[in-house]
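Structure file upload36.txt; described as compact mmCIF, C-alpha atoms.
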```txt
# COMPACT_ATOMS: atom_id res chain seq x y z
CA MET A 1 24.43 -26.50 5.84
CA ASP A 2 27.18 -27.85 3.55
CA PHE A 3 25.21 -30.46 1.63
CA CYS A 4 21.54 -31.19 1.01
CA PRO A 5 20.59 -34.59 -0.44
CA ILE A 6 17.23 -33.21 -1.66
CA PRO A 7 17.21 -31.65 -5.16
CA ILE A 8 17.07 -27.87 -5.04
CA GLU A 9 13.87 -27.87 -7.12
CA MET A 10 12.11 -29.89 -4.42
CA CYS A 11 13.49 -27.63 -1.69
CA GLU A 12 12.13 -24.58 -3.49
CA ALA A 13 8.75 -26.26 -3.91
CA ILE A 14 8.63 -26.87 -0.15
CA ILE A 15 9.57 -23.25 0.57
CA ASP A 16 6.87 -22.07 -1.85
CA ALA A 17 4.32 -24.10 0.13
CA ILE A 18 5.05 -22.38 3.45
CA PRO A 19 2.48 -19.58 2.92
CA LEU A 20 -0.91 -21.20 3.39
CA SER A 21 -2.70 -18.62 1.27
CA ASN A 22 -2.10 -15.84 -1.21
CA GLU A 23 -2.83 -13.30 1.51
CA PHE A 24 -0.19 -11.61 3.62
CA LEU A 25 2.21 -13.70 5.68
CA THR A 26 1.42 -14.60 9.26
CA PRO A 27 4.14 -14.07 11.91
CA ASP A 28 4.81 -17.83 12.02
CA GLU A 29 5.17 -18.03 8.25
CA ARG A 30 7.51 -15.05 8.25
CA ASP A 31 9.66 -16.64 11.00
CA THR A 32 9.80 -19.94 9.08
CA LEU A 33 10.87 -18.22 5.86
CA THR A 34 13.50 -16.22 7.72
CA ALA A 35 14.92 -19.45 9.16
CA CYS A 36 15.02 -20.96 5.65
CA ALA A 37 16.87 -17.91 4.33
CA LEU A 38 19.50 -18.34 7.05
CA THR A 39 19.92 -22.09 6.50
CA CYS A 40 22.06 -22.02 3.36
CA ARG A 41 22.75 -19.96 0.26
CA ALA A 42 20.75 -22.31 -1.94
CA TRP A 43 17.59 -21.62 0.08
CA LYS A 44 18.24 -17.93 0.64
CA THR A 45 17.15 -16.64 -2.77
CA ARG A 46 13.74 -18.32 -2.83
CA ALA A 47 12.95 -17.63 0.83
CA LYS A 48 13.89 -13.95 0.61
CA ALA A 49 11.89 -13.57 -2.60
CA ILE A 50 8.74 -14.74 -0.79
CA LEU A 51 9.50 -12.53 2.21
CA LYS A 52 9.82 -9.48 -0.04
CA ARG A 53 6.81 -10.39 -2.15
CA ARG A 54 4.25 -9.20 0.40
CA ILE A 55 5.03 -6.01 2.32
CA TRP A 56 2.89 -4.79 5.23
CA PHE A 57 3.24 -1.23 6.54
CA THR A 58 1.91 -0.96 10.10
CA SER A 59 3.25 2.52 10.81
CA SER A 60 5.02 5.44 9.18
CA ARG A 61 8.24 4.05 10.60
CA SER A 62 7.91 0.76 8.72
CA LEU A 63 7.05 2.71 5.56
CA ASN A 64 10.14 4.90 5.89
CA THR A 65 12.36 1.90 6.61
CA PHE A 66 11.20 0.12 3.47
CA THR A 67 11.49 3.26 1.36
CA SER A 68 15.05 3.86 2.54
CA ALA A 69 16.03 0.24 1.84
CA LEU A 70 14.49 0.47 -1.62
CA ARG A 71 16.40 3.66 -2.34
CA THR A 72 19.77 2.19 -1.32
CA SER A 73 19.27 -1.15 -3.12
CA PRO A 74 16.53 -0.76 -5.72
CA SER A 75 17.45 -3.71 -7.93
CA GLY A 76 17.66 -6.12 -5.01
CA ARG A 77 14.18 -5.40 -3.65
CA SER A 78 11.85 -3.73 -6.13
CA ALA A 79 11.63 -6.69 -8.51
CA PHE A 80 10.32 -8.99 -5.77
CA VAL A 81 7.50 -6.80 -4.40
CA ARG A 82 4.11 -8.00 -5.58
CA ASP A 83 1.66 -7.00 -2.82
CA LEU A 84 1.58 -3.94 -0.55
CA LEU A 85 -0.69 -3.59 2.47
CA TRP A 86 -0.83 -0.33 4.38
CA TYR A 87 -2.85 -1.00 7.50
CA PRO A 88 -2.39 0.47 11.01
CA ALA A 89 -1.37 -1.93 13.75
CA GLN A 90 -4.10 -2.60 16.29
CA ASN A 91 -1.95 -1.22 19.10
CA SER A 92 -1.15 2.02 17.31
CA ASN A 93 -2.07 5.14 19.29
CA THR A 94 -1.57 7.63 16.47
CA LEU A 95 -3.97 6.42 13.79
CA GLY A 96 -5.43 9.82 13.03
CA GLU A 97 -2.02 11.45 12.63
CA ASP A 98 0.19 8.63 11.42
CA PHE A 99 -1.59 7.27 8.38
CA HIS A 100 -1.67 9.91 5.69
CA MET A 101 -1.02 8.79 2.14
CA SER A 102 1.05 11.91 1.47
CA LYS A 103 3.80 10.37 3.63
CA ALA A 104 4.30 7.77 0.91
CA ALA A 105 5.20 10.34 -1.75
CA ASP A 106 8.82 9.13 -1.93
CA LEU A 107 7.68 5.54 -2.43
CA LEU A 108 5.25 6.41 -5.23
CA VAL A 109 7.99 7.77 -7.48
CA MET A 110 9.99 4.53 -7.26
CA PRO A 111 9.36 1.84 -9.86
CA LEU A 112 7.98 -1.47 -8.58
CA PRO A 113 7.64 -3.36 -11.87
CA ASN A 114 5.93 -6.43 -10.43
CA LEU A 115 3.54 -4.72 -7.99
CA ARG A 116 0.08 -6.17 -8.62
CA SER A 117 -1.95 -5.60 -5.43
CA LEU A 118 -2.40 -2.58 -3.14
CA ASP A 119 -4.50 -2.61 0.05
CA LEU A 120 -5.15 0.65 1.91
CA TRP A 121 -7.02 0.38 5.22
CA SER A 122 -7.98 3.39 7.35
CA ILE A 123 -5.76 5.77 5.38
CA VAL A 124 -6.28 9.48 4.75
CA ILE A 125 -5.78 10.04 1.01
CA ASP A 126 -4.50 13.61 0.99
CA PHE A 127 -2.46 13.80 -2.21
CA ASN A 128 -2.39 16.77 -4.47
CA PRO A 129 -4.67 15.58 -7.33
CA ARG A 130 -1.99 16.47 -9.89
CA ILE A 131 0.30 13.77 -8.49
CA LEU A 132 -2.23 11.02 -9.18
CA ARG A 133 -2.84 12.36 -12.69
CA MET A 134 0.84 12.03 -13.65
CA ARG A 135 0.50 8.35 -14.62
CA LEU A 136 3.12 7.20 -12.11
CA SER A 137 4.79 3.87 -12.83
CA PHE A 138 3.99 2.79 -9.25
CA PHE A 139 0.34 2.27 -10.26
CA ALA A 140 1.01 0.99 -13.78
CA GLY A 141 1.03 -2.73 -12.99
CA LEU A 142 -1.69 -2.82 -10.33
CA THR A 143 -4.49 -5.27 -11.09
CA ARG A 144 -6.17 -5.25 -7.65
CA LEU A 145 -6.94 -2.25 -5.41
CA ASP A 146 -8.68 -2.53 -2.02
CA LEU A 147 -9.76 0.69 -0.30
CA PHE A 148 -11.33 0.08 3.12
CA ASP A 149 -12.35 2.85 5.54
CA CYS A 150 -10.28 5.42 3.65
CA ARG A 151 -10.95 9.14 3.75
CA PHE A 152 -11.00 11.49 0.76
CA ASP A 153 -11.76 15.16 0.27
CA THR A 154 -14.05 14.79 -2.74
CA PRO A 155 -15.46 12.08 -5.00
CA ARG A 156 -13.06 13.18 -7.75
CA ALA A 157 -10.09 12.74 -5.38
CA MET A 158 -11.20 9.17 -4.74
CA LEU A 159 -11.67 8.45 -8.43
CA ASP A 160 -8.29 9.97 -9.27
CA LEU A 161 -6.66 7.23 -7.20
CA ILE A 162 -8.71 4.54 -8.95
CA TRP A 163 -8.18 6.02 -12.40
CA ALA A 164 -4.41 6.18 -11.81
CA CYS A 165 -4.32 2.36 -12.26
CA PRO A 166 -4.62 1.70 -16.01
CA ASN A 167 -4.53 -2.10 -15.70
CA LEU A 168 -6.92 -2.43 -12.75
CA GLU A 169 -9.08 -5.58 -12.90
CA SER A 170 -10.54 -5.79 -9.38
CA LEU A 171 -11.63 -2.96 -7.05
CA LEU A 172 -12.98 -3.01 -3.51
CA LEU A 173 -14.41 0.27 -2.23
CA ARG A 174 -15.87 -0.16 1.26
CA HIS A 175 -16.72 2.17 4.16
CA TYR A 176 -15.12 5.14 2.42
CA ARG A 177 -15.66 8.61 3.86
CA LEU A 178 -15.77 11.91 2.00
CA ARG A 179 -15.41 15.42 3.41
CA LYS A 180 -17.86 16.55 0.74
CA ASN A 181 -20.59 13.95 1.21
CA ALA A 182 -22.95 15.07 -1.53
CA LEU A 183 -23.01 14.65 -5.29
CA SER A 184 -25.28 16.68 -7.52
CA ALA A 185 -26.61 15.51 -10.86
CA GLY A 186 -24.23 17.88 -12.62
CA ASP A 187 -21.26 16.52 -10.65
CA ALA A 188 -22.21 12.96 -11.61
CA ILE A 189 -22.37 13.90 -15.31
CA ARG A 190 -18.96 15.59 -15.14
CA LEU A 191 -17.39 12.55 -13.47
CA SER A 192 -18.78 10.22 -16.14
CA THR A 193 -17.55 12.55 -18.87
CA SER A 194 -14.08 12.68 -17.31
CA ARG A 195 -13.86 8.90 -17.19
CA ARG A 196 -14.70 8.60 -20.87
CA HIS A 197 -12.29 11.40 -21.80
CA LEU A 198 -9.40 9.82 -19.85
CA ARG A 199 -10.20 6.33 -21.16
CA VAL A 200 -9.67 4.70 -17.77
CA CYS A 201 -11.12 1.54 -16.18
CA GLN A 202 -10.87 -0.26 -19.50
CA LYS A 203 -9.95 -3.56 -17.80
CA LEU A 204 -11.97 -3.35 -14.56
CA GLU A 205 -14.10 -6.50 -14.41
CA ARG A 206 -14.88 -6.93 -10.69
CA LEU A 207 -16.23 -4.31 -8.28
CA CYS A 208 -17.27 -4.48 -4.61
CA LEU A 209 -18.96 -1.18 -3.74
CA ASP A 210 -20.56 0.38 -0.66
CA VAL A 211 -23.60 2.59 -1.22
CA ALA A 212 -23.85 4.08 2.26
CA SER A 213 -25.46 7.50 1.72
CA PRO A 214 -28.42 8.44 -0.50
CA THR A 215 -26.80 11.86 -1.14
CA MET A 216 -23.45 10.41 -2.20
CA VAL A 217 -24.07 7.80 -4.89
CA LEU A 218 -21.44 7.45 -7.59
CA PRO A 219 -22.79 6.80 -11.08
CA GLY A 220 -21.86 3.30 -12.19
CA ASP A 221 -20.46 4.67 -15.43
CA VAL A 222 -17.34 6.01 -13.63
CA PHE A 223 -16.14 2.41 -13.23
CA GLY A 224 -16.07 1.65 -16.94
CA VAL A 225 -18.16 -0.49 -19.24
CA VAL A 226 -16.43 -3.90 -19.13
CA LEU A 227 -17.48 -4.83 -15.57
CA THR A 228 -18.78 -8.40 -15.39
CA THR A 229 -19.07 -9.01 -11.61
CA LEU A 230 -20.63 -6.54 -9.17
CA GLU A 231 -21.24 -6.73 -5.42
CA ILE A 232 -23.14 -3.83 -3.84
CA THR A 233 -23.63 -3.24 -0.12
CA VAL A 234 -26.73 -1.18 0.71
CA ASN A 235 -28.60 -0.14 3.86
CA GLU A 236 -32.16 0.91 4.60
CA PHE A 237 -31.42 4.47 3.43
CA THR A 238 -29.89 3.58 0.06
CA ARG A 239 -31.81 0.42 -0.83
CA ASP A 240 -34.21 2.36 -3.06
CA LYS A 241 -32.66 5.56 -4.45
CA GLY A 242 -28.96 4.84 -4.15
CA PHE A 243 -29.10 1.25 -5.36
CA VAL A 244 -31.03 2.10 -8.53
CA ASN A 245 -28.88 5.14 -9.33
CA VAL A 246 -25.73 3.03 -9.38
CA LEU A 247 -27.26 0.58 -11.85
CA ARG A 248 -28.95 3.08 -14.15
CA ASP A 249 -27.32 3.38 -17.60
CA ALA A 250 -24.24 1.44 -16.48
CA PHE A 251 -22.55 -1.97 -16.66
CA PRO A 252 -23.65 -3.17 -20.10
CA ALA A 253 -21.40 -6.26 -19.84
CA LEU A 254 -22.55 -7.30 -16.34
CA ARG A 255 -22.95 -11.07 -15.87
CA ASN A 256 -23.06 -11.56 -12.10
CA ILE A 257 -24.53 -9.33 -9.40
CA ALA A 258 -24.73 -9.79 -5.62
CA ILE A 259 -26.45 -7.57 -3.08
CA VAL A 260 -25.39 -7.33 0.57
CA LEU A 261 -27.61 -5.75 3.23
CA ARG A 262 -26.05 -4.10 6.25
CA ASP A 263 -26.98 -5.70 9.59
CA GLU A 264 -28.71 -2.51 10.71
CA ASP A 265 -31.12 -2.79 7.78
CA MET A 266 -33.86 -4.38 9.89
CA GLN A 267 -37.06 -2.87 8.56
CA THR A 268 -40.23 -4.79 9.40
CA THR A 269 -42.33 -3.35 6.59
CA TYR A 270 -42.19 -3.82 2.84
CA GLU A 271 -42.38 -1.11 0.20
CA ALA A 272 -42.33 -2.00 -3.49
CA PRO A 273 -40.34 -2.59 -5.58
CA SER A 274 -38.34 -5.61 -4.47
CA LEU A 275 -34.57 -5.93 -4.82
CA LEU A 276 -34.92 -8.45 -7.63
CA TYR A 277 -37.37 -6.27 -9.54
CA MET A 278 -35.06 -3.24 -9.27
CA ILE A 279 -32.20 -5.31 -10.69
CA ALA A 280 -34.26 -6.75 -13.53
CA THR A 281 -35.66 -3.36 -14.58
CA GLY A 282 -32.81 -1.02 -13.60
CA LEU A 283 -29.86 -2.44 -15.51
CA THR A 284 -28.92 -1.27 -18.97
CA SER A 285 -28.74 -4.84 -20.28
CA PRO A 286 -30.44 -7.18 -17.78
CA ALA A 287 -30.78 -9.81 -20.49
CA ARG A 288 -27.05 -10.51 -20.18
CA LEU A 289 -27.20 -11.52 -16.49
CA LEU A 290 -26.23 -15.07 -15.63
CA THR A 291 -26.34 -15.10 -11.81
CA VAL A 292 -28.03 -12.98 -9.13
CA THR A 293 -27.30 -13.38 -5.40
CA LEU A 294 -29.61 -11.71 -2.87
CA PRO A 295 -29.64 -11.67 0.94
CA GLY A 296 -32.36 -12.25 3.52
CA TYR A 297 -31.45 -11.42 7.09
CA HIS A 298 -34.83 -11.20 8.83
CA GLY A 299 -36.56 -13.89 10.87
CA PHE A 300 -39.66 -15.49 9.38
CA ASP A 301 -41.71 -15.33 12.58
CA THR A 302 -41.00 -11.64 13.30
CA ALA A 303 -41.55 -10.32 9.79
CA THR A 304 -45.12 -11.14 8.79
CA SER A 305 -46.78 -7.81 9.41
CA THR A 306 -48.27 -7.36 5.93
CA GLY A 307 -50.21 -10.59 5.85
CA HIS A 308 -48.81 -11.45 2.40
CA GLY A 309 -45.89 -13.53 3.64
CA PRO A 310 -42.55 -12.93 5.33
CA VAL A 311 -41.26 -9.40 4.84
CA CYS A 312 -37.73 -10.72 4.28
CA CYS A 313 -38.99 -12.53 1.18
CA GLN A 314 -41.15 -9.64 0.03
CA ARG A 315 -38.16 -7.33 0.03
CA ILE A 316 -36.22 -9.86 -2.06
CA VAL A 317 -38.79 -10.98 -4.67
CA GLY A 318 -41.95 -8.93 -3.97
CA VAL A 319 -45.51 -10.16 -3.55
CA VAL A 320 -47.91 -12.19 -5.68
CA GLY A 321 -48.86 -10.17 -8.73
CA ASP A 322 -45.69 -8.07 -8.99
CA TRP A 323 -44.39 -10.13 -11.89
CA ASP A 324 -47.65 -10.75 -13.77
CA ASP A 325 -47.11 -8.02 -16.38
CA ARG A 326 -43.33 -8.46 -16.74
CA PRO A 327 -42.26 -11.99 -15.73
CA LEU A 328 -38.70 -12.52 -14.55
CA ARG A 329 -37.97 -14.85 -17.47
CA SER A 330 -38.88 -12.17 -20.01
CA LEU A 331 -36.75 -9.50 -18.31
CA VAL A 332 -33.71 -11.71 -17.73
CA PRO A 333 -33.92 -14.59 -20.22
CA SER A 334 -30.27 -15.62 -19.78
CA LEU A 335 -30.47 -16.06 -15.98
CA VAL A 336 -29.08 -19.45 -14.94
CA GLU A 337 -29.06 -19.02 -11.16
CA LEU A 338 -31.02 -16.94 -8.67
CA ARG A 339 -29.33 -17.56 -5.33
CA ILE A 340 -30.89 -16.41 -2.05
CA ASN A 341 -28.72 -16.48 1.09
CA LEU A 342 -30.85 -16.53 4.24
CA TRP A 343 -30.04 -16.17 7.91
CA GLU A 344 -32.79 -18.56 8.92
CA ARG A 345 -33.33 -21.91 10.52
CA ARG A 346 -33.99 -24.68 8.06
CA GLU A 347 -37.73 -24.87 8.74
CA GLU A 348 -38.17 -21.13 8.22
CA ALA A 349 -35.97 -21.15 5.12
CA GLU A 350 -38.13 -23.85 3.57
CA LYS A 351 -41.18 -21.61 4.04
CA CYS A 352 -39.30 -18.75 2.41
CA TYR A 353 -38.36 -20.98 -0.52
CA ASP A 354 -41.99 -21.99 -1.06
CA TYR A 355 -43.11 -18.35 -0.86
CA MET A 356 -40.55 -17.24 -3.47
CA ARG A 357 -41.56 -20.02 -5.83
CA GLY A 358 -45.16 -18.90 -5.53
CA VAL A 359 -44.36 -15.27 -6.28
CA LEU A 360 -42.00 -15.97 -9.18
CA SER A 361 -44.08 -18.90 -10.50
CA ASP A 362 -42.95 -22.45 -11.20
CA SER A 363 -40.90 -21.29 -14.18
CA VAL A 364 -37.97 -20.54 -11.83
CA ASP A 365 -37.68 -24.08 -10.45
CA ASP A 366 -34.57 -24.74 -12.53
CA ILE A 367 -32.73 -21.55 -11.43
CA LEU A 368 -33.84 -20.80 -7.85
CA THR A 369 -31.40 -21.82 -5.09
CA VAL A 370 -31.97 -21.00 -1.42
CA VAL A 371 -29.08 -21.48 1.01
CA CYS A 372 -29.54 -20.95 4.75
CA ASP A 373 -27.23 -20.53 7.73
CA ASP A 374 -28.89 -22.79 10.29
CA PHE A 375 -27.63 -21.79 13.74
CA SER A 376 -29.14 -24.87 15.38
CA ILE A 377 -26.38 -27.11 13.99
CA PRO A 378 -22.57 -27.04 14.39
CA PHE A 379 -20.75 -24.08 12.82
CA LEU A 380 -18.88 -26.10 10.19
CA GLU A 381 -22.16 -27.52 8.91
CA GLN A 382 -24.26 -24.37 8.96
CA LYS A 383 -24.75 -23.81 5.24
CA ILE A 384 -27.63 -25.93 3.95
CA THR A 385 -29.18 -25.86 0.52
CA VAL A 386 -32.93 -25.82 1.11
CA GLY A 387 -34.10 -25.55 -2.47
CA SER A 388 -31.84 -25.97 -5.49
CA ASN A 389 -31.99 -25.90 -9.26
CA ARG A 390 -31.46 -29.36 -10.66
CA ASN A 391 -30.14 -28.64 -14.12
CA ASN A 392 -27.39 -26.15 -13.21
CA THR A 393 -24.23 -26.41 -11.13
CA ASN A 394 -23.01 -22.82 -11.43
CA SER A 395 -22.74 -20.67 -8.29
CA VAL A 396 -21.84 -17.13 -7.26
CA THR A 397 -18.81 -16.69 -5.02
```

Show me the file's structure as structure tokens.
Amino acid sequence: MDFCPIPIEMCEAIIDAIPLSNEFLTPDERDTLTACALTCRAWKTRAKAILKRRIWFTSSRSLNTFTSALRTSPSGRSAFVRDLLWYPAQNSNTLGEDFHMSKAADLLVMPLPNLRSLDLWSIVIDFNPRILRMRLSFFAGLTRLDLFDCRFDTPRAMLDLIWACPNLESLLLRHYRLRKNALSAGDAIRLSTSRRHLRVCQKLERLCLDVASPTMVLPGDVFGVVLTTLEITVNEFTRDKGFVNVLRDAFPALRNIAIVLRDEDMQTTYEAPSLLYMIATGLTSPARLLTVTLPGYHGFDTATSTGHGPVCCQRIVGVVGDWDDRPLRSLVPSLVELRINLWERREEAEKCYDYMRGVLSDSVDDILTVVCDDFSIPFLEQKITVGSNRNNTNSVT
């Protein structure tokens, strides 16, 4: 194209708008940006910058190709890279053999000054621990780290990867697997001591954590003391011991907490204490909490075995009398929203809302919000607010 009547600033704005989200590019978006890069020299720089901004490794071959290109032309590529995703392609037949983090050793010693996000999915983290303790520049600028279904030898090996990111602000740690799937009290103390000695996780503010095994519960202290937002996924085996152990003596700056129950957590009986009571009494500084989000996945009609109300609600807020000696307001005076997400029909959710009000007393009318997914209405309109606080518009996302 010899001449474009549209100002180059407007052209670049249009090119910037091609990705529909901040996530990784879809095949159509990548094809469109490639076409823009081939249209003219004026468009090439901006289009190629976006193409190089998000890199997705689907195999060891794609990793080696990128590493080789970076080695031959470091200045032309490294400055653009902002996000890296290492995730096996769905049609890969060599997942167990192909995706070992040690194969990225050459990449980790190359500087990527603008790298901010790293996603590792279904990867075997098999580095020599000394490599991760060398403060590599590769990890220096990372602010977000997502580890999903990754495998580690020991808890310390997993933490070494996290602690190698000095500027980390957001961490997702889901479905991780450890060869040594047990953590003694002495091991937990040593990990907490190491974190304080190394002075790591000083900027980590958001954490999404799986607590999948009651014998392998990381102490919350290993994630630092400035965390403000926490999401914990628990199951029927870790709801009591594991959940409380994560919260104990940790997260003094916490402001928002959300609990997620695994789908298999389908108990039909209730054993005290409730999730809300464990949060209110288990945190180091519960008085600082602003928002609490709790789940309820069990049907109202099938969970009434105790005679005191629906078991789904009992597991969330307890039963009448649980809060008489220590009311919720006295334990968490700063709470501005208690949000309950229910998988219920609207009629059942309304009963749950009334039950929770009765247990927690009328003093929670201004903070209690119940939102249900009503499957009797179209998908796009499923979320309905059954009961809502009137004086507050804040929400947990």

Counting all atoms listed in the file, closest pick from A:Leu132, A:Val222, A:Val320, A:Leu161 relative to A:Ile189 is A:Val222

Using all atoms listed in the file, the best pick from A:Val359, A:Leu289, A:Val336, A:Ile15 as closest to A:Gly318 would be A:Val359

Please define a box with edges along x, y and z of the file around all atoms of stretch 139-145 of chain A given in the file, extend it by 3 Å on each side, and return its centre and edge lengths in Å to one decimal, as lines of an AutoDock Vina configuration file.
```
center_x = -3.0
center_y = -1.5
center_z = -9.6
size_x = 14.0
size_y = 13.5
size_z = 14.4
```

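Once A:Ile8 and its same-chain neighbours fewer than 5 positions away are set aside, Phe3, Ala13, Ile14, Ile15, Cys40, Arg41, Ala42, Trp43, Lys44, Thr45 and Arg46 of chain A remain within 12 Å of it when counting only C-alpha atoms.
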
Residue selection dump (C-alpha atoms) as a tab-separated table (two decimals), in the frame of the given file:
```tsv
chain	number	residue	atom	x	y	z
A	3	PHE	CA	25.21	-30.46	1.63
A	13	ALA	CA	8.75	-26.26	-3.91
A	14	ILE	CA	8.63	-26.87	-0.15
A	15	ILE	CA	9.57	-23.25	0.57
A	40	CYS	CA	22.06	-22.02	3.36
A	41	ARG	CA	22.75	-19.96	0.26
A	42	ALA	CA	20.75	-22.31	-1.94
A	43	TRP	CA	17.59	-21.62	0.08
A	44	LYS	CA	18.24	-17.93	0.64
A	45	THR	CA	17.15	-16.64	-2.77
A	46	ARG	CA	13.74	-18.32	-2.83
```

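You can rank A:Val226, A:Cys150, A:Met158, A:Ala280 by their closest distance to A:Ser170 using all atoms listed in the file, and at the top of that list sits A:Val226.
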
Residues near stretch 330-334 of chain A, cut-off 9 Å, only C-alpha atoms, skip fewer than 2 positions along chain, as a short mmCIF file (atom, residue, chain, number, x, y, z; two decimals) with C-alpha atoms, in the frame of the given file:
```cif
data_model
loop_
_atom_site.label_atom_id
_atom_site.label_comp_id
_atom_site.auth_asym_id
_atom_site.auth_seq_id
_atom_site.Cartn_x
_atom_site.Cartn_y
_atom_site.Cartn_z
CA ALA A 280 -34.26 -6.75 -13.53
CA THR A 281 -35.66 -3.36 -14.58
CA SER A 285 -28.74 -4.84 -20.28
CA PRO A 286 -30.44 -7.18 -17.78
CA ALA A 287 -30.78 -9.81 -20.49
CA ARG A 288 -27.05 -10.51 -20.18
CA LEU A 289 -27.20 -11.52 -16.49
CA LEU A 290 -26.23 -15.07 -15.63
CA THR A 291 -26.34 -15.10 -11.81
CA ARG A 326 -43.33 -8.46 -16.74
CA PRO A 327 -42.26 -11.99 -15.73
CA LEU A 328 -38.70 -12.52 -14.55
CA VAL A 336 -29.08 -19.45 -14.94
#
```

Restricting the calculation to all atoms listed in the file, which member of A:Val260, A:Leu112, A:Ala188, A:Leu207 is positioned closest to A:Val234?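 Of all the options, A:Val260 lies closest to A:Val234.
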